[in-house]
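Chemist: I am attaching a structure below and will ask some questions about it afterwards.
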Amino acid sequence: MPTSAPPGPVVRHRLALSLTALALLLTPACSAVSDAASGDGPTAAPPLPAPEDGDGNGATDTDGGDGTGGDGSPADTPAGGGPLSSRVVVIDPGHNGGNAEAPDEINAQVPAGPGEKSCDTVGAQTADGYAEHEFNWALSLLVRDRLEADGATVVLTRDDNEGVGPCIDERARIGNQVDADAAVSIHADGGPESGRGFHVITPGEVPDFTDDIVEPSRLLAEDLRREYRDGTGMPHADYLADEGLDERTDLGGLNMSDVPKVFLEAGNMRNPEDADLLSDPRWREDAADAVARGVAMYLLRS
């Protein structure tokens, strides 16, 4: 099972301080929620402390600064202590660098819920040729480091950015096998050039498949949407979704999941303004902070 390598000491120091403060802030909020009458909906969370330092392709999807240490390959390493020490998170970097050269493999039909879909897709790219799979991998590693810094056990669905797949059903199976508390599939959209912004895809109800994950996945999506917008300045997508949330029943990566799972479409690679941000390593650091904080908010409230 691919897992991730431990983060460096600088990242650990910065984020451990931030999420420890978050955990203290959330303690009274969680107690208040548990004492409230049921049926009132989720209670708004208190604001998060700021960091102390500076799947496909959305509407067109069929499903589908390097943060590595050493040789870049994830290693089987237990997480340390911290506010997320009892939690398991799956980070799923969408697509893979070898997909384009393996059409037979990625076009093979695999289980996707009630029906079947292609194993995977190639993904989008910017006008300058920055590939979505590269962005997904880079951001996933940064998010991994931040979550591990606060004690979470983080599992990546692929070990590098040179392979093929894994197929959408296997990506979901990895989260199921480790009984993840949350799973996030990281992507960037290939939408119309005139449209910009991000959105979070949540599973709709598919009988006998997603019944038990629709509600918690929606809560995860709401926390992620809020923190991502606040932390990156990226607007909600203006060409699809509803205020940054898009419920879908056609994605095998969601339909085959037994744990709360969402897709983050971090921006539109075909939009010049979004592409400039997605291609910027410094902006990706802010994006990783935001994604990690959104996941942490959900975990600390659930």
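Just so we're on the same page: first chain in the structure tokens is A, next is B, and so on; residues restart at 1 for each chain, and ligands are numbered from 1 in the order they show up.
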Name all residues at most 10 Å from Gly165 in chain A (count only C-alpha atoms; drop same-chain ones fewer than 4 positions away) and give them as an MDAnalysis selection string.

Modeler: chainID A and resid 64 94:99 102 105:106 119:122 157:158 161 170:171

Chemist: Output the selection as a CSV table (one decimal), in the first residue's frame - all heavy atoms for each residue.

Modeler:
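Saved as again.csv:
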```csv
chain,number,residue,atom,x,y,z
A,64,GLY,N,-11.8,10.2,-13.9
A,64,GLY,CA,-10.5,10.4,-13.6
A,64,GLY,C,-10.5,11.7,-13.0
A,64,GLY,O,-11.7,12.1,-12.9
A,94,GLY,N,-4.6,13.0,-9.0
A,94,GLY,CA,-5.3,12.5,-10.2
A,94,GLY,C,-4.4,12.2,-11.4
A,94,GLY,O,-3.3,12.9,-11.5
A,95,HIS,N,-4.7,11.2,-12.2
A,95,HIS,CA,-4.0,10.9,-13.4
A,95,HIS,C,-2.6,10.3,-13.1
A,95,HIS,O,-2.3,10.0,-11.9
A,95,HIS,CB,-4.0,12.0,-14.4
A,95,HIS,CG,-5.3,12.6,-14.6
A,95,HIS,ND1,-6.4,12.0,-15.2
A,95,HIS,CD2,-5.8,13.8,-14.2
A,95,HIS,CE1,-7.5,12.7,-15.2
A,95,HIS,NE2,-7.2,13.9,-14.6
A,96,ASN,N,-1.7,10.3,-14.0
A,96,ASN,CA,-0.3,9.9,-13.8
A,96,ASN,C,0.5,10.2,-15.1
A,96,ASN,O,-0.1,10.3,-16.2
A,96,ASN,CB,-0.2,8.4,-13.5
A,96,ASN,CG,1.0,8.0,-12.7
A,96,ASN,OD1,2.0,8.7,-12.7
A,96,ASN,ND2,0.8,6.9,-11.9
A,97,GLY,N,1.8,10.4,-14.9
A,97,GLY,CA,2.6,10.8,-16.0
A,97,GLY,C,2.8,9.9,-17.2
A,97,GLY,O,3.1,10.3,-18.3
A,98,GLY,N,2.5,8.6,-16.9
A,98,GLY,CA,2.7,7.6,-18.0
A,98,GLY,C,1.4,7.3,-18.7
A,98,GLY,O,1.4,6.4,-19.6
A,99,ASN,N,0.3,7.9,-18.3
A,99,ASN,CA,-1.0,7.5,-18.9
A,99,ASN,C,-1.1,7.7,-20.4
A,99,ASN,O,-1.7,6.9,-21.1
A,99,ASN,CB,-2.1,8.3,-18.2
A,99,ASN,CG,-2.5,7.8,-16.9
A,99,ASN,OD1,-1.9,6.9,-16.3
A,99,ASN,ND2,-3.5,8.4,-16.3
A,102,ALA,N,0.1,4.9,-22.5
A,102,ALA,CA,-0.5,3.5,-22.3
A,102,ALA,C,-2.0,3.6,-22.5
A,102,ALA,O,-2.8,3.3,-21.6
A,102,ALA,CB,-0.2,3.1,-20.8
A,105,GLU,N,-4.2,0.5,-21.5
A,105,GLU,CA,-4.4,0.3,-20.1
A,105,GLU,C,-5.4,1.3,-19.6
A,105,GLU,O,-6.3,0.9,-18.8
A,105,GLU,CB,-3.1,0.4,-19.3
A,105,GLU,CG,-2.1,-0.7,-19.6
A,105,GLU,CD,-0.8,-0.5,-18.7
A,105,GLU,OE1,-0.9,-0.5,-17.5
A,105,GLU,OE2,0.3,-0.4,-19.3
A,106,ILE,N,-5.3,2.5,-19.9
A,106,ILE,CA,-6.1,3.5,-19.3
A,106,ILE,C,-7.5,3.6,-19.9
A,106,ILE,O,-8.5,4.1,-19.4
A,106,ILE,CB,-5.5,5.0,-19.3
A,106,ILE,CG1,-5.4,5.5,-20.8
A,106,ILE,CG2,-4.2,5.0,-18.6
A,106,ILE,CD1,-5.0,7.0,-20.8
A,119,CYS,N,-10.4,3.1,-17.2
A,119,CYS,CA,-9.5,3.0,-16.0
A,119,CYS,C,-9.1,4.3,-15.6
A,119,CYS,O,-9.1,4.6,-14.4
A,119,CYS,CB,-8.3,2.1,-16.4
A,119,CYS,SG,-6.9,2.3,-15.3
A,120,ASP,N,-8.7,5.2,-16.5
A,120,ASP,CA,-8.2,6.5,-16.1
A,120,ASP,C,-8.2,7.4,-17.3
A,120,ASP,O,-8.6,7.0,-18.4
A,120,ASP,CB,-6.8,6.4,-15.5
A,120,ASP,CG,-6.5,7.6,-14.6
A,120,ASP,OD1,-7.3,8.6,-14.5
A,120,ASP,OD2,-5.3,7.6,-14.0
A,121,THR,N,-7.8,8.6,-17.2
A,121,THR,CA,-7.6,9.5,-18.4
A,121,THR,C,-6.2,10.2,-18.3
A,121,THR,O,-5.5,10.1,-17.3
A,121,THR,CB,-8.7,10.6,-18.4
A,121,THR,OG1,-8.7,11.3,-17.2
A,121,THR,CG2,-10.1,10.0,-18.6
A,122,VAL,N,-5.9,11.0,-19.3
A,122,VAL,CA,-4.6,11.6,-19.4
A,122,VAL,C,-4.6,12.9,-18.5
A,122,VAL,O,-3.6,13.2,-17.9
A,122,VAL,CB,-4.2,12.0,-20.8
A,122,VAL,CG1,-3.0,12.8,-20.9
A,122,VAL,CG2,-4.1,10.7,-21.6
A,157,THR,N,-2.3,7.5,-3.3
A,157,THR,CA,-2.7,6.4,-4.2
A,157,THR,C,-1.7,6.1,-5.3
A,157,THR,O,-1.9,5.1,-6.0
A,157,THR,CB,-4.1,6.8,-4.8
A,157,THR,OG1,-3.9,8.0,-5.6
A,157,THR,CG2,-5.2,7.0,-3.8
A,158,ARG,N,-0.7,6.8,-5.4
A,158,ARG,CA,0.4,6.4,-6.4
A,158,ARG,C,1.7,6.9,-5.8
A,158,ARG,O,1.8,7.8,-5.0
A,158,ARG,CB,0.1,7.0,-7.8
A,158,ARG,CG,-0.1,8.5,-7.9
A,158,ARG,CD,-0.4,8.8,-9.4
A,158,ARG,NE,-0.8,10.2,-9.6
A,158,ARG,CZ,0.0,11.1,-10.1
A,158,ARG,NH1,1.3,10.9,-10.3
A,158,ARG,NH2,-0.4,12.4,-10.3
A,161,ASN,N,5.2,10.1,-10.3
A,161,ASN,CA,4.5,10.7,-11.4
A,161,ASN,C,5.0,10.2,-12.7
A,161,ASN,O,4.9,10.9,-13.7
A,161,ASN,CB,4.7,12.2,-11.3
A,161,ASN,CG,3.7,13.0,-12.2
A,161,ASN,OD1,2.6,12.6,-12.3
A,161,ASN,ND2,4.1,14.1,-12.8
A,170,GLU,N,-9.4,1.2,-8.2
A,170,GLU,CA,-8.3,0.9,-7.3
A,170,GLU,C,-8.0,2.1,-6.4
A,170,GLU,O,-7.8,2.0,-5.2
A,170,GLU,CB,-7.0,0.5,-8.0
A,170,GLU,CG,-5.9,0.1,-7.1
A,170,GLU,CD,-4.6,-0.3,-7.8
A,170,GLU,OE1,-4.7,-0.5,-9.1
A,170,GLU,OE2,-3.6,-0.4,-7.1
A,171,ARG,N,-8.1,3.3,-7.0
A,171,ARG,CA,-7.9,4.5,-6.2
A,171,ARG,C,-9.0,4.6,-5.0
A,171,ARG,O,-8.6,4.9,-3.9
A,171,ARG,CB,-8.1,5.8,-7.0
A,171,ARG,CG,-6.9,6.0,-8.0
A,171,ARG,CD,-7.2,7.1,-9.0
A,171,ARG,NE,-6.2,7.2,-10.0
A,171,ARG,CZ,-5.1,8.0,-10.0
A,171,ARG,NH1,-4.9,8.7,-9.0
A,171,ARG,NH2,-4.3,8.0,-11.0
```

Chemist: Give the strand (DSSP E or B) residues of range 151-240 of chain A, as DSSP finds them on the backbone, and put them as a list in words.

Modeler: Thr153, Val154, Val155, Leu156, Ala182, Ala183, Val184, Ser185, Ile186, His187, Ala188, Asp189, Phe198, His199, Val200, Ile201, Thr202, Pro203 and His236 of chain A

Chemist: Which residue gives the smallest distance to Ser140 in chain A among A:His236, A:Arg196, A:Arg226, A:His187, with only C-alpha atoms counted?

Modeler: A:His187

Chemist: Using only C-alpha atoms, determine which residues lie at most 12 Å from Glu243 in chain A, disregarding the query and same-chain residues fewer than 6 positions distant; provide the list as a PyMOL selection string.

Modeler: chain A and resi 197-201+221-222+225-226+229+235-237

Chemist: Please provide the set of residues having any atom within 9 Å of Leu219 in chain A, restricted to only C-alpha atoms, with same-chain residues fewer than 4 positions apart removed, written as a list in words.

Modeler: Pro42, Val214, Glu215, Asp223, Leu224 and Tyr298 of chain A

Chemist: Taking only C-alpha atoms into account, name the residue in A:Asp286, A:Met269, A:Ala100, A:Ser86 that is nearest to Glu193 in chain A.

Modeler: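 Distance minimum relative to Glu193 in chain A lands on A:Met269.
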
Chemist: Using DSSP secondary structure from the backbone, list all helix (DSSP H, G or I) positions within range 145-213 of chain A, as a list in words.

Modeler: Asp145, Arg146, Leu147, Glu148, Ala149, Ile168, Asp169, Glu170, Arg171, Ala172, Arg173, Ile174, Gly175, Asn176 and Gln177 of chain A

Chemist: Using only C-alpha atoms, determine which residues lie at most 8 Å from Phe209 in chain A, disregarding the query and same-chain residues fewer than 4 positions distant; provide the list as a list of chain:residue names.

Modeler: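 Near Phe209 in chain A, the qualifying residues are A:Gly113, A:Glu205, A:Asn255, A:Met256, A:Ser257, A:Asp258.
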
Chemist: What gap, in Å, lies between CA of Ser279 in chain A and CA of Val295 in chain A?

Modeler: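 Separation between CA of Ser279 in chain A and CA of Val295 in chain A: 22.9 Å.
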